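A short worksheet on the structure shown next.
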Amino acid sequence: MTDRLSALLHDGADAIDVPPMPGDLVASGRREERRRRTRTALVGAVAAVLVVAGATVAVDRWRDSDDSIQPADEVAYQQQGAWIADEVVHIGDRTVEVPNAAQVVYTSEGAIVATLDDPTQLTLVEPDGETRELGHLGAIAVDAGSPEVVYAEKVEDQDYVQLQVLDLATRETRALGAPYESQELPMLGRSDRYVILNQGELMVAMDLDTGDVTRMPQEEIGFSVDWGFGPAGYITSPDAEKVPIRITQWHVRSMPDGDLVGSYPDAGGQFATVSPDGRYLLTTGETSAYVYDVVSGERLPLELTLSAERQTGWSPDGHVLTVGDQGTVEVCEPSTGDCSDTGQSAGQNLSMAGGSFNSWS
Amino acid sequence: MATPMTDEEFTELAHAAWPGLYRTAYLLLGDHQLAEDLTQTALTKTYAARRKIKDPAAAPAYARVVLANTATTWFRRRSWRNELPTEILPEGGLDRDLSTGPAVVAALATLPPRQRAVIVLRYYDDLSVREVAHALGVSEGTVKSQTSDALAKLRAVLGDDVVPATEGAHHD
């Protein structure tokens, strides 16, 4: 029996010197909470013109379809994005009640909402306020500029999963690549062209069209990063291999080759996120948040004063969402620093959306 | 919606859970600084997730799962794949009395990180196979096979007295 092993393990553990608990856990917890709320993924450089062109194409397509969405709703969604305030989903200028709504992520067809009670049960909230149940997809990988949702389906009684791609526009599902040997949920995130997977101890990129797999560079990938991936890249830090991690600098790298796109100083909070369109990097400190142009590395005029209650998010087209002094959600333009008040209360429980996102946890 | 813990309730809980979580972290990592970092990270994440925890009594168990889960994320790091040196291997190796707690802890440090994790969670934290699978984000079959491999290695180091040969993957 292993009783003896267990007893000896307890004896050995009892002999371990335990240091006193740090005194600032609540403060650390608040920072973590804020970080989670602003959690978005990260990314490389995609020119704004591509996003604008993509949005235009989408509007044209919807205009001719049976369930067309008004351009005004689509523009409002792109510019203001979506957030959840006290279980009410705000998308563009519209509001939709989704009981227990807890988290929201972006696709080109609208925002996908998960609930607190069952995070695997997903609902698509479209820019016109219509909703569509997507069922139990579990962990998903999405991109704000794409209608495709990638999810993993376990092959019954085997240690294999099959990646599936659900196209929200056509409602068709296709298998992606061969069944994938894994005992774990394999997805880490995605960009516009790739889904990022664990393959043993390595990180690989699977082409969304062909299913071809490319091994990604493993350097500079740290556990403090929320595995953020975006339209053309991912975020790392040159400080990520140090133990313990104390990040002072962020890097954005292209996908899947890992070439350095740009380097940006951390604002002090050891947190950075890139807009869903790939244009901007936002980094937060204890009381401030700064925004950088990903390609030029230039710090932009928008500067936010933060508090535990004041969090940030992104709209699909790269506007920063935040909460103003009056407790309402504001939409800010990084390049000018101008913010406009939506007039919508942030409520007591606010959850904002970001870019591509790999997990609901 | 669940009523989240107050800061005072969380601080009280964290103080109570800290020693146990720290010891688990140390057994998983074999390094005091990393163990402190991991324990602090787990409690920080628990605070951030306190709205999800409907019963405060479940918070320590939640923190333990977060701790194990975070540790597995750390194991994926390149430096871990190259095997960090451990500070708990005693001088002179393991050729002394093997029936002591410190000897078992030292032997534990010779295991690969994931095998170490299943042994710690199964036989120190007394979690079931299912609970370990959940905490580590792997299948129950993986937990059983990793346990079997780990016990075989520990048996080779510590002998049959500490790890009897009848023990294997299917202990539950």
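Each chain in the structure tokens gets a letter, A, B and so on, in the order shown; residues start at 1 in every chain, and ligands are counted from 1 in the order they appear.
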
Tell me which protein, DNA and RNA residues are within 10 Å of Glu148 of chain A, counting only C-alpha atoms, leaving out same-chain ones fewer than 2 positions away, and put them as a compact mmCIF listing (two decimals) with all heavy atoms, in the first residue's frame.
```
# COMPACT_ATOMS: atom_id res chain seq x y z
N THR A 107 -16.23 38.08 -32.45
CA THR A 107 -16.05 37.50 -33.78
C THR A 107 -16.54 38.56 -34.77
O THR A 107 -17.09 39.59 -34.37
CB THR A 107 -16.88 36.22 -33.99
OG1 THR A 107 -18.27 36.59 -34.12
CG2 THR A 107 -16.72 35.27 -32.81
N SER A 108 -16.37 38.29 -36.05
CA SER A 108 -16.86 39.26 -37.04
C SER A 108 -18.38 39.26 -37.11
O SER A 108 -18.98 40.19 -37.63
CB SER A 108 -16.28 38.94 -38.42
OG SER A 108 -16.75 37.69 -38.87
N GLU A 109 -19.02 38.21 -36.59
CA GLU A 109 -20.48 38.11 -36.66
C GLU A 109 -21.16 38.65 -35.42
O GLU A 109 -22.39 38.69 -35.35
CB GLU A 109 -20.89 36.65 -36.86
CG GLU A 109 -20.20 35.97 -38.01
CD GLU A 109 -20.53 36.61 -39.34
OE1 GLU A 109 -21.68 36.50 -39.76
OE2 GLU A 109 -19.64 37.24 -39.95
N ALA A 141 -11.57 29.19 -29.64
CA ALA A 141 -10.56 30.15 -30.10
C ALA A 141 -11.20 30.96 -31.21
O ALA A 141 -11.71 30.39 -32.18
CB ALA A 141 -9.31 29.43 -30.60
N VAL A 142 -11.21 32.29 -31.04
CA VAL A 142 -11.88 33.15 -32.01
C VAL A 142 -10.97 34.30 -32.39
O VAL A 142 -9.96 34.56 -31.74
CB VAL A 142 -13.20 33.72 -31.43
CG1 VAL A 142 -14.19 32.61 -31.17
CG2 VAL A 142 -12.94 34.51 -30.15
N ASP A 143 -11.36 35.00 -33.42
CA ASP A 143 -10.64 36.19 -33.86
C ASP A 143 -11.70 37.24 -34.22
O ASP A 143 -12.72 36.91 -34.84
CB ASP A 143 -9.77 35.85 -35.08
CG ASP A 143 -9.05 37.08 -35.61
OD1 ASP A 143 -8.03 37.44 -35.02
OD2 ASP A 143 -9.53 37.67 -36.60
N ALA A 144 -11.45 38.47 -33.81
CA ALA A 144 -12.46 39.52 -33.99
C ALA A 144 -12.78 39.79 -35.46
O ALA A 144 -13.84 40.31 -35.78
CB ALA A 144 -11.99 40.80 -33.32
N GLY A 145 -11.87 39.42 -36.37
CA GLY A 145 -12.11 39.68 -37.78
C GLY A 145 -12.61 38.47 -38.54
O GLY A 145 -12.70 38.51 -39.77
N SER A 146 -12.93 37.40 -37.84
CA SER A 146 -13.28 36.15 -38.51
C SER A 146 -14.62 35.61 -38.01
O SER A 146 -14.94 35.72 -36.82
CB SER A 146 -12.18 35.10 -38.24
OG SER A 146 -12.63 33.81 -38.60
N VAL A 150 -13.16 28.11 -33.50
CA VAL A 150 -12.47 26.82 -33.42
C VAL A 150 -12.74 26.23 -32.04
O VAL A 150 -12.62 26.92 -31.02
CB VAL A 150 -10.96 26.97 -33.63
CG1 VAL A 150 -10.28 25.60 -33.63
CG2 VAL A 150 -10.67 27.70 -34.93
N TYR A 151 -13.11 24.96 -32.01
CA TYR A 151 -13.29 24.29 -30.72
C TYR A 151 -12.80 22.85 -30.85
O TYR A 151 -12.60 22.34 -31.95
CB TYR A 151 -14.74 24.36 -30.24
CG TYR A 151 -15.74 23.66 -31.13
CD1 TYR A 151 -16.19 22.37 -30.83
CD2 TYR A 151 -16.26 24.29 -32.26
CE1 TYR A 151 -17.13 21.73 -31.63
CE2 TYR A 151 -17.18 23.66 -33.07
CZ TYR A 151 -17.62 22.38 -32.75
OH TYR A 151 -18.53 21.75 -33.55
N GLN A 164 -12.64 21.33 -34.53
CA GLN A 164 -13.75 21.64 -35.42
C GLN A 164 -13.79 23.14 -35.63
O GLN A 164 -13.44 23.92 -34.73
CB GLN A 164 -15.08 21.19 -34.80
CG GLN A 164 -15.16 19.71 -34.46
CD GLN A 164 -15.42 18.84 -35.70
OE1 GLN A 164 -15.59 19.36 -36.81
NE2 GLN A 164 -15.44 17.53 -35.51
N VAL A 165 -14.23 23.54 -36.81
CA VAL A 165 -14.36 24.97 -37.12
C VAL A 165 -15.82 25.24 -37.47
O VAL A 165 -16.34 24.70 -38.44
CB VAL A 165 -13.46 25.38 -38.29
CG1 VAL A 165 -13.61 26.87 -38.58
CG2 VAL A 165 -12.01 25.04 -38.00
N LEU A 166 -16.46 26.06 -36.65
CA LEU A 166 -17.85 26.46 -36.91
C LEU A 166 -17.83 27.84 -37.55
O LEU A 166 -17.29 28.79 -36.98
CB LEU A 166 -18.63 26.51 -35.60
CG LEU A 166 -19.99 27.22 -35.64
CD1 LEU A 166 -20.96 26.49 -36.56
CD2 LEU A 166 -20.57 27.36 -34.24
N ASP A 167 -18.41 27.93 -38.74
CA ASP A 167 -18.52 29.22 -39.42
C ASP A 167 -19.85 29.86 -39.02
O ASP A 167 -20.92 29.35 -39.38
CB ASP A 167 -18.45 29.02 -40.95
CG ASP A 167 -18.35 30.35 -41.69
OD1 ASP A 167 -19.06 31.30 -41.29
OD2 ASP A 167 -17.58 30.44 -42.65
N LEU A 168 -19.79 30.94 -38.28
CA LEU A 168 -21.02 31.56 -37.78
C LEU A 168 -21.84 32.16 -38.90
O LEU A 168 -23.06 32.32 -38.77
CB LEU A 168 -20.66 32.65 -36.76
CG LEU A 168 -20.01 32.17 -35.47
CD1 LEU A 168 -19.55 33.36 -34.64
CD2 LEU A 168 -20.95 31.29 -34.67
N ALA A 169 -21.19 32.51 -40.01
CA ALA A 169 -21.92 33.12 -41.12
C ALA A 169 -22.71 32.07 -41.90
O ALA A 169 -23.88 32.28 -42.24
CB ALA A 169 -20.96 33.85 -42.04
N THR A 170 -22.09 30.95 -42.20
CA THR A 170 -22.75 29.91 -42.99
C THR A 170 -23.41 28.85 -42.12
O THR A 170 -24.20 28.05 -42.59
CB THR A 170 -21.73 29.20 -43.89
OG1 THR A 170 -20.79 28.51 -43.05
CG2 THR A 170 -20.99 30.19 -44.77
N ARG A 171 -23.05 28.83 -40.82
CA ARG A 171 -23.53 27.84 -39.85
C ARG A 171 -23.03 26.43 -40.17
O ARG A 171 -23.60 25.44 -39.72
CB ARG A 171 -25.07 27.86 -39.75
CG ARG A 171 -25.60 29.24 -39.49
CD ARG A 171 -27.06 29.26 -39.16
NE ARG A 171 -27.54 30.64 -39.04
CZ ARG A 171 -28.49 31.04 -38.24
NH1 ARG A 171 -29.11 30.15 -37.49
NH2 ARG A 171 -28.85 32.29 -38.19
N GLU A 172 -22.02 26.34 -40.99
CA GLU A 172 -21.46 25.02 -41.31
C GLU A 172 -20.25 24.73 -40.42
O GLU A 172 -19.54 25.64 -40.01
CB GLU A 172 -21.03 25.00 -42.79
CG GLU A 172 -22.22 25.04 -43.74
CD GLU A 172 -21.78 25.11 -45.20
OE1 GLU A 172 -20.56 25.25 -45.44
OE2 GLU A 172 -22.66 25.03 -46.07
N THR A 173 -20.06 23.44 -40.16
CA THR A 173 -18.94 23.01 -39.34
C THR A 173 -18.05 22.08 -40.16
O THR A 173 -18.54 21.25 -40.92
CB THR A 173 -19.43 22.26 -38.09
OG1 THR A 173 -20.25 23.14 -37.33
CG2 THR A 173 -18.27 21.80 -37.22
N ASP A 192 -5.63 35.25 -37.05
CA ASP A 192 -6.55 35.21 -38.19
C ASP A 192 -6.32 33.96 -39.04
O ASP A 192 -7.25 33.43 -39.63
CB ASP A 192 -6.41 36.48 -39.03
CG ASP A 192 -4.98 36.73 -39.48
OD1 ASP A 192 -4.07 36.09 -38.92
OD2 ASP A 192 -4.77 37.56 -40.38
N LEU A 208 -5.36 27.35 -40.46
CA LEU A 208 -6.80 27.15 -40.41
C LEU A 208 -7.38 26.66 -41.74
O LEU A 208 -8.46 26.08 -41.78
CB LEU A 208 -7.50 28.45 -40.01
CG LEU A 208 -7.52 28.75 -38.51
CD1 LEU A 208 -7.90 30.20 -38.25
CD2 LEU A 208 -8.49 27.82 -37.80
```

### Task
Just need the residues of chain B within 6 Å of chain A, counting only C-alpha atoms, so spit them out as a list in words.
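Matching residues, ligands excluded from the count: Arg23, Thr44, Tyr47, Ala48, Arg76, Gly101, Pro102, Val105, Tyr123, Tyr124, Gly137, Val138, Ser139 and Val162 of chain B.
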
Any chance you can output those residues with N, CA, C and O atoms as a PDB file, in the first residue's frame?
```pdb
ATOM      1  N   ARG B  23       3.527  24.117   1.293  1.00  0.00           N
ATOM      2  CA  ARG B  23       4.202  22.806   1.335  1.00  0.00           C
ATOM      3  C   ARG B  23       3.944  22.028   0.037  1.00  0.00           C
ATOM      4  O   ARG B  23       4.842  21.396  -0.508  1.00  0.00           O
ATOM      5  N   THR B  44      -3.618  34.713  -5.186  1.00  0.00           N
ATOM      6  CA  THR B  44      -4.007  35.918  -5.928  1.00  0.00           C
ATOM      7  C   THR B  44      -5.103  35.594  -6.940  1.00  0.00           C
ATOM      8  O   THR B  44      -6.098  36.307  -7.072  1.00  0.00           O
ATOM      9  N   TYR B  47      -8.371  35.015  -5.191  1.00  0.00           N
ATOM     10  CA  TYR B  47      -9.049  36.271  -4.857  1.00  0.00           C
ATOM     11  C   TYR B  47      -9.782  36.818  -6.086  1.00  0.00           C
ATOM     12  O   TYR B  47     -10.938  37.218  -6.015  1.00  0.00           O
ATOM     13  N   ALA B  48      -9.064  36.823  -7.221  1.00  0.00           N
ATOM     14  CA  ALA B  48      -9.648  37.388  -8.440  1.00  0.00           C
ATOM     15  C   ALA B  48     -10.877  36.610  -8.891  1.00  0.00           C
ATOM     16  O   ALA B  48     -11.756  37.155  -9.552  1.00  0.00           O
ATOM     17  N   ARG B  76       5.722  23.887 -18.515  1.00  0.00           N
ATOM     18  CA  ARG B  76       5.853  23.963 -19.974  1.00  0.00           C
ATOM     19  C   ARG B  76       6.998  24.879 -20.382  1.00  0.00           C
ATOM     20  O   ARG B  76       7.399  24.900 -21.520  1.00  0.00           O
ATOM     21  N   GLY B 101      11.077  11.106   6.188  1.00  0.00           N
ATOM     22  CA  GLY B 101      10.368  12.065   5.354  1.00  0.00           C
ATOM     23  C   GLY B 101      11.287  12.827   4.423  1.00  0.00           C
ATOM     24  O   GLY B 101      11.029  12.909   3.213  1.00  0.00           O
ATOM     25  N   PRO B 102      12.377  13.398   4.945  1.00  0.00           N
ATOM     26  CA  PRO B 102      13.271  14.157   4.056  1.00  0.00           C
ATOM     27  C   PRO B 102      13.822  13.308   2.913  1.00  0.00           C
ATOM     28  O   PRO B 102      13.995  13.815   1.794  1.00  0.00           O
ATOM     29  N   VAL B 105      11.139  13.126   0.327  1.00  0.00           N
ATOM     30  CA  VAL B 105      11.016  14.410  -0.370  1.00  0.00           C
ATOM     31  C   VAL B 105      12.166  14.569  -1.364  1.00  0.00           C
ATOM     32  O   VAL B 105      11.972  15.043  -2.490  1.00  0.00           O
ATOM     33  N   TYR B 123      -0.740  11.519  -3.063  1.00  0.00           N
ATOM     34  CA  TYR B 123      -0.321  10.917  -1.788  1.00  0.00           C
ATOM     35  C   TYR B 123       0.022  11.935  -0.707  1.00  0.00           C
ATOM     36  O   TYR B 123       0.214  11.554   0.439  1.00  0.00           O
ATOM     37  N   TYR B 124       0.107  13.200  -1.060  1.00  0.00           N
ATOM     38  CA  TYR B 124       0.257  14.219  -0.015  1.00  0.00           C
ATOM     39  C   TYR B 124      -1.067  14.963   0.175  1.00  0.00           C
ATOM     40  O   TYR B 124      -1.553  15.103   1.289  1.00  0.00           O
ATOM     41  N   GLY B 137      -5.430  19.134 -15.511  1.00  0.00           N
ATOM     42  CA  GLY B 137      -5.941  19.308 -16.865  1.00  0.00           C
ATOM     43  C   GLY B 137      -5.567  18.167 -17.788  1.00  0.00           C
ATOM     44  O   GLY B 137      -5.310  18.381 -18.974  1.00  0.00           O
ATOM     45  N   VAL B 138      -5.510  16.944 -17.246  1.00  0.00           N
ATOM     46  CA  VAL B 138      -5.185  15.769 -18.059  1.00  0.00           C
ATOM     47  C   VAL B 138      -6.261  14.712 -17.844  1.00  0.00           C
ATOM     48  O   VAL B 138      -7.133  14.852 -16.993  1.00  0.00           O
ATOM     49  N   SER B 139      -6.189  13.644 -18.610  1.00  0.00           N
ATOM     50  CA  SER B 139      -7.184  12.587 -18.467  1.00  0.00           C
ATOM     51  C   SER B 139      -6.866  11.711 -17.255  1.00  0.00           C
ATOM     52  O   SER B 139      -5.727  11.687 -16.762  1.00  0.00           O
ATOM     53  N   VAL B 162       9.149   1.169   1.306  1.00  0.00           N
ATOM     54  CA  VAL B 162       8.417   2.434   1.235  1.00  0.00           C
ATOM     55  C   VAL B 162       7.365   2.397   0.124  1.00  0.00           C
ATOM     56  O   VAL B 162       6.242   2.878   0.288  1.00  0.00           O
TER      57      VAL B 162
END
```

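Picture a line from atom CA of Glu74 of chain A to atom CA of Gly337 of chain A; it runs 23.3 Å.
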
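Atom CA of Leu282 of chain A lies 20.2 Å from atom CA of Asp325 of chain A.
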
### Query
Can you tell me, as a PyMOL selection string, what residues are no more than 10 Å from Arg114 of chain B when counting only C-alpha atoms, ignoring any on the same chain fewer than 6 positions away?
chain B and resi 28+71-72+75+120+136+143+146-147+150
